Amino acid sequence: MSSGLKTFAASVAVTAALALGLSGAMAAETPKKGGVLKFVVPDEPPSFDGHRETTFALIHPIAPFYSLLTKVNPENSSDPTDIICDLCTEMPKATDGGKTFTFKLRQGVTFEDGSPLDAKDVKATFHKIIFPGEGVSSARKAYFVMVDSVEAPDASTVVFKLKYPSSAFIPALAMPFNFIYDDAKLAQDMHWYEKNVLGSGPFQKFERQAGAFIKGTANPNYYEKGKPYLDGIEAIFAKKESLRVQAIRGDRAAIEFRGFPPQSRDDLVKALGKDITVQESDWNCVLLITPNHRKKPFDDVRVRRALTLAVDRWGGSEYLSKIAIVKTVGGIAFPKHPLAATKAELEQLAGYWPDLAKSREEAKKLLKEAGIPDGFKFTLNNRAVDQPYKIVGTWLIDQWKQIGLVVDQQVQPTGPFYDTLRKKQDFDVSIDFNCQSIVNPLLDVSKFISADLSDSQYGGYIDRDVDKLFNAMNETDDTAAQRKMMREMEKIILDEKALGFITMWWYRIIPHRSYVKGWNVSPSHYLNQDLANVWLDQ
Amino acid sequence: MATSELPATMPTDARTHRTAWQVFTRMARRQPLGVAGGFIVLLMIFMAVFADFIAPHDPTAMNYSAFAVAPGAEYWLGTDPLGRDVFSRIVYGARTALFVGFVSAIIGGGAGLVLGVGSAYFGGMIDLIFQRVMDIFMSFPLIIMALAMVAIFGTGTDKVIVAITIPFVPRCARVVRSSALAVREMPYVDAARSIGYSHSRIILRHMVPNVMAPFLIMITAFVGQAILLEASLSYLGLGVQEPTPAWGLMLQGGAELYAESAPWIAVFPGLAITLAVFGFNLFGDAVRDTLDPRLRSQ
């Protein structure tokens with residue numbers, strides 16, 4: 001780990017410990033065995049294939065059934081750079097000038113059906129993720145652009161060979177979606193895992209009732225001896241937030257792992273007192289504004305700059321953090337990460353100026369220069385999810401009203417919302433988001449590279465300056481150089497060319513029943529969800 | 001002759017010289033609930049038309065320092081979680097509710113009127129096919145039909161109007177058709193047909209005016225139903241979208257979340273919906289009682 005990352009890790013860990021008052025308490029308690037953890041999940045998984053999907057709706061109910069090669073340390077999950085072995089025995093040191101990583105695997109691990117898990121399963125898994133064949137969807141293929149080959153020289157060894165040294169490789173490997181699959185099942189049908197669950201994780205005997213729940217029981221052959229502590233898990237699906245809050249309040253469920261808004265936290269604390277414990281964290285999720293560069297007048301940099309200059313991020317953060325799951329003002333990299341902009345650096349960018357009046361005057365001037373009349377109307381495309389999409393969307397409309405723009409909101413369910421962004425591409429300006437698991441800004445900012453290189457950049461722009469900086473950052477291990485390039489990239493994206501904008505970074509609030517122990521909040525709702533360490537103090 | 005001095009036309013003159021107040025008090029005695037309903041309807045119309053003057057605040061303006069503030073001197077009905085004045089949003093919400101209500105009811109009812117009368121006039125196979133199509137539409141509950149329409153057309157005020165209008169058409173057509181079947185057999189329709197008037201002239205000039213009573217009754221009922229439907233769709237997140245002030249929308253999301261700590265966010269818009277629908281229903285009943293000769297004689 002570089003010194004910058006160490007400092008980041010230490011600061012995040014200390015802040016979390018102080019803020020939560022958890023220090024010491026966790027270590028002092030001896031886990032109890034038994035009980036079933038019931039938790040609420042806002043949505044159902046579209047399929048059961050972690051390699052294909054990108055949603056927490058898959059991770060929360062399905063991750064407990066699977067193992068990973070490496071994972072974020074569940075006892076230190078507030079620090080996503082603390083990566084430890086799951087199926088491997090020791091984190092490897094890079095050889096061959098940083099281009100080869102050799103992993104040794106645990107012996108005696110089996111899948112639920114009793115078949116042994118060895119190197120060929122790990123190889124087949126990462127082949128599916130990194131080199132998916134025709135008709136196979138891999139959501140994280142782009143995160144492994146540095147990988148040249150994956151080999152299994154013997155049953156207990158897996159070797160990753162990279163094209164160039166990259167500090168983004170180990171974080172990419174530890175992503176919680178990289179479930180290890182049985183190579184025999186994959187050989188039989190590459191889509192088998194979309195409809196079936198067969199893993200080697202802490203829980204097994206997958207049981208599902210569509211629209212209601214997913215259940216599992218403890219895996220007696222789990223390789224971490226003594227774990228899991230729970231007898232079983234039950235994920236209960238409840239779309240309405242009020243229902244999920246009431247489920248916890250009525251003790252029908254003990255926890256929801258995505259995050260509640262501040263008001264729900266306050267209501268639960270008020271109602272349940274010491275029976276509720278609250279864990280909070282900055283969240284590696286950011287809400288973006290994406291202007292459609294294919295459409296007039298949003299192809300004009302002056303109009304785009306005016307849109308970002310109108311937004312009062314500093315005031316909005318203070319205000320919206322009281323009612324929504326957003327809080328931190330930041331640039332394109334996760335705030336507080338060594339590669340992220342400081343407040344002073346942010347204040348140099350359009351839309352972050354400390355003088356809001358000056359910023360909005362500049363916005364009006366730019367609109368006038370671009371020939372945009374007062375009262376100009378356009379539509380903001382938004383996702384039909386209250387937290388934080390609709391709240392931030394409504395707030396943005398009020399911000400743009402301050403510079404004379406009249407904005408309607410088109411709110412769509414997730415499917416049609418994505419359809420508008422990906423296929424129809426007929427929106428004016430859209431809310432968009434970038435949620436990641438492992439904090440890895442070098443790759444997380446791939447969201448902003450040219451549309452012909454990134455499947456998730458919906459603005460439709462091509463900017464080779466941004467692409468060059470992205471590649472250069474990923475091909476060096478020098479943190480100082482990476483940081484400098486990140487600032488240049490940020491300046492181009494958010495200010496000079498106003499390609500897309502950041503609103504605010506999310507803030508994760510998890511109020512849960514105090515009897516739930518062994519689960520620590522992390523900066524991502526995707527991380528630390530195998531639940532092997534969780535126990536119930538009842 | 002002494003008799004010639006009697007004012008033979010006096011009763012008629014007395015009726016024509018009845019003041020508005022007299023008409024009102026007479027109606028209030030005969031239809032007290034209808035007058036109450038009419039008063040609520042008028043109040044809503046007044047609020048909708050003069051919203052710009054009545055509302056003390058901009059209904060979409062957010063106030064950072066007034067987050068979910070309780071009712072008081074500055075904000076009469078409090079503020080919502082985004083710091084917007086609840087009273088002003090209710091006042092402007094009347095505009096949205098009435099706009100959606102009247103437009104849906106008039107277009108849906110109007111289309112139903114023409115189709116219903118046409119179906120009754122032509123009869124035979126046309127009537128048979130048309131009625132079976134109406135049966136299909138009417139086999140879906142109103143809200144399910146509206147939800148299906150929203151799924152097809154999308155969200156937003158204009159699309160909500162379309163979604164509400166379409167299910168109204170068969171309902172109005174069915175009622176109007178039953179009246180038109182009786183009108184079709186009247187001698188004056190036969191007379192019009194015998195002197196060679198066109199179908200459209202007979203339908204529009206001779207039949208439609210004679211089925212106006214059930215039509216008007218349906219329209220008043222439709223306005224209340226449309227307001228309720230719009231509120232339901234908006235509550236479900238499928239209707240009017242933020243930041244447009246709409247009563248159903250005000251009950252959604254934040255209102256649920258703040259039900260305990262800031263109940264005014266949900267209570268007042270809920271009350272507005274209840275009152276409006278209650279008002280239109282009472283008014284509709286009174287219109288029915290006035291226009292339906294059987295009920296009038298009772």
# chains A, B, ... in the order shown; residues from 1 in each chain; ligands from 1
call {"tool": "residues_around", "arguments": {"residues": "Pro261 in chain A", "least_positions_apart": "2", "cutoff": "12 Å", "atoms": "only C-alpha atoms", "output": "ChimeraX atom specification"}}
result
/A:241-242,244-245,256,258-259,263-268,278,280,320-327,386-388,391,506-511 /B:81,253-254,257-258
call {"tool": "write_last_selection", "arguments": {"atoms": "N, CA and C atoms", "output": "compact mmCIF listing (two decimals), in the first residue's frame"}}
result
# COMPACT_ATOMS: atom_id res chain seq x y z
N GLU A 241 -40.02 2.43 1.35
CA GLU A 241 -39.10 2.76 2.44
C GLU A 241 -39.81 2.75 3.79
N SER A 242 -41.03 3.29 3.82
CA SER A 242 -41.75 3.35 5.09
C SER A 242 -41.98 1.94 5.64
N ARG A 244 -39.99 -0.63 5.17
CA ARG A 244 -38.71 -1.17 5.67
C ARG A 244 -38.39 -0.58 7.04
N VAL A 245 -38.67 0.70 7.18
CA VAL A 245 -38.43 1.34 8.48
C VAL A 245 -39.33 0.69 9.54
N GLU A 256 -31.30 -3.01 7.46
CA GLU A 256 -31.36 -2.83 6.00
C GLU A 256 -29.99 -2.34 5.61
N ARG A 258 -28.67 -1.05 2.73
CA ARG A 258 -28.39 -0.01 1.75
C ARG A 258 -28.21 1.34 2.44
N GLY A 259 -29.22 1.77 3.19
CA GLY A 259 -29.10 3.05 3.88
C GLY A 259 -30.43 3.78 3.95
N GLN A 263 -34.08 11.27 8.49
CA GLN A 263 -35.33 11.30 9.25
C GLN A 263 -35.69 9.91 9.78
N SER A 264 -35.48 8.89 8.98
CA SER A 264 -35.78 7.52 9.42
C SER A 264 -34.87 7.13 10.57
N ARG A 265 -33.60 7.51 10.47
CA ARG A 265 -32.67 7.26 11.57
C ARG A 265 -33.19 7.91 12.84
N ASP A 266 -33.56 9.18 12.74
CA ASP A 266 -34.01 9.91 13.93
C ASP A 266 -35.28 9.30 14.51
N ASP A 267 -36.21 8.90 13.63
CA ASP A 267 -37.46 8.30 14.11
C ASP A 267 -37.18 6.98 14.83
N LEU A 268 -36.28 6.18 14.25
CA LEU A 268 -35.98 4.88 14.87
C LEU A 268 -35.27 5.06 16.21
N VAL A 278 -26.62 3.07 15.36
CA VAL A 278 -26.50 3.72 14.06
C VAL A 278 -25.05 3.70 13.61
N GLU A 280 -22.62 5.05 10.39
CA GLU A 280 -22.65 5.98 9.26
C GLU A 280 -21.30 6.01 8.55
N LEU A 320 -29.48 19.49 2.13
CA LEU A 320 -29.97 18.18 1.68
C LEU A 320 -29.56 17.04 2.61
N SER A 321 -28.42 17.22 3.30
CA SER A 321 -27.97 16.14 4.19
C SER A 321 -28.94 15.93 5.35
N LYS A 322 -29.85 16.88 5.56
CA LYS A 322 -30.85 16.71 6.62
C LYS A 322 -32.03 15.86 6.14
N ILE A 323 -32.21 15.79 4.84
CA ILE A 323 -33.41 15.10 4.35
C ILE A 323 -33.11 13.97 3.37
N ALA A 324 -31.88 13.88 2.92
CA ALA A 324 -31.59 12.87 1.89
C ALA A 324 -30.27 12.18 2.19
N ILE A 325 -29.99 11.12 1.43
CA ILE A 325 -28.77 10.36 1.69
C ILE A 325 -27.60 10.90 0.88
N VAL A 326 -27.53 12.21 0.75
CA VAL A 326 -26.36 12.85 0.14
C VAL A 326 -25.76 13.81 1.16
N LYS A 327 -24.47 14.04 1.04
CA LYS A 327 -23.86 14.95 2.01
C LYS A 327 -22.59 15.64 1.48
N ASP A 386 -37.02 7.73 -4.70
CA ASP A 386 -37.01 8.94 -3.87
C ASP A 386 -35.61 9.33 -3.42
N GLN A 387 -34.94 8.34 -2.80
CA GLN A 387 -33.64 8.63 -2.18
C GLN A 387 -32.49 8.15 -3.04
N PRO A 388 -31.64 9.06 -3.43
CA PRO A 388 -31.75 10.50 -3.34
C PRO A 388 -32.22 11.14 -4.65
N ILE A 391 -35.35 13.65 -4.82
CA ILE A 391 -35.13 14.81 -3.95
C ILE A 391 -34.07 15.73 -4.55
N TRP A 506 -22.91 10.55 -1.86
CA TRP A 506 -23.91 9.99 -0.96
C TRP A 506 -23.32 9.79 0.45
N TYR A 507 -24.23 9.62 1.39
CA TYR A 507 -23.81 9.40 2.78
C TYR A 507 -24.64 8.24 3.32
N ARG A 508 -23.97 7.25 3.83
CA ARG A 508 -24.65 6.01 4.21
C ARG A 508 -25.01 6.01 5.69
N ILE A 509 -26.28 5.80 5.98
CA ILE A 509 -26.77 5.77 7.37
C ILE A 509 -27.47 4.43 7.59
N ILE A 510 -26.94 3.64 8.48
CA ILE A 510 -27.52 2.31 8.75
C ILE A 510 -27.97 2.23 10.20
N PRO A 511 -29.23 2.48 10.46
CA PRO A 511 -29.73 2.25 11.81
C PRO A 511 -30.19 0.79 11.90
N PRO B 81 -40.65 18.81 3.56
CA PRO B 81 -39.22 18.54 3.81
C PRO B 81 -38.27 19.33 2.92
N GLY B 253 -43.80 10.00 -0.73
CA GLY B 253 -42.41 10.09 -0.30
C GLY B 253 -42.21 10.71 1.05
N GLY B 254 -41.86 12.00 1.04
CA GLY B 254 -41.55 12.70 2.28
C GLY B 254 -42.68 12.65 3.29
N LEU B 257 -42.59 9.54 5.17
CA LEU B 257 -41.41 9.50 6.03
C LEU B 257 -41.56 10.40 7.26
N TYR B 258 -42.30 11.49 7.07
CA TYR B 258 -42.44 12.47 8.15
C TYR B 258 -43.81 12.37 8.83
call {"tool": "interface_residues", "arguments": {"of": "chain B", "to": "chain A", "cutoff": "8 Å", "atoms": "only C-alpha atoms", "output": "list in words"}}
result
Thr60, Ala61, Met62, Tyr64, Pro81, Leu82, Gly154, Thr155, Gly156, Gly237, Gln241, Glu242, Pro243, Gly253, Glu256, Leu257, Tyr258 and Ser261 of chain B
call {"tool": "atom_distance", "arguments": {"atom1": "CA of Leu453 in chain A", "atom2": "CA of Asp467 in chain A"}}
result
8.5 Å
call {"tool": "atom_distance", "arguments": {"atom1": "CA of Arg383 in chain A", "atom2": "CA of Asn63 in chain B"}}
result
24.2 Å
call {"tool": "select_by_dssp", "arguments": {"residues": "range 63-261 of chain B", "states": "helix (DSSP H, G or I)", "output": "NGL selection string"}}
result
:B and (86-122 or 124-138 or 142-153 or 157-184 or 187-194 or 199-235 or 247-250 or 254-257)
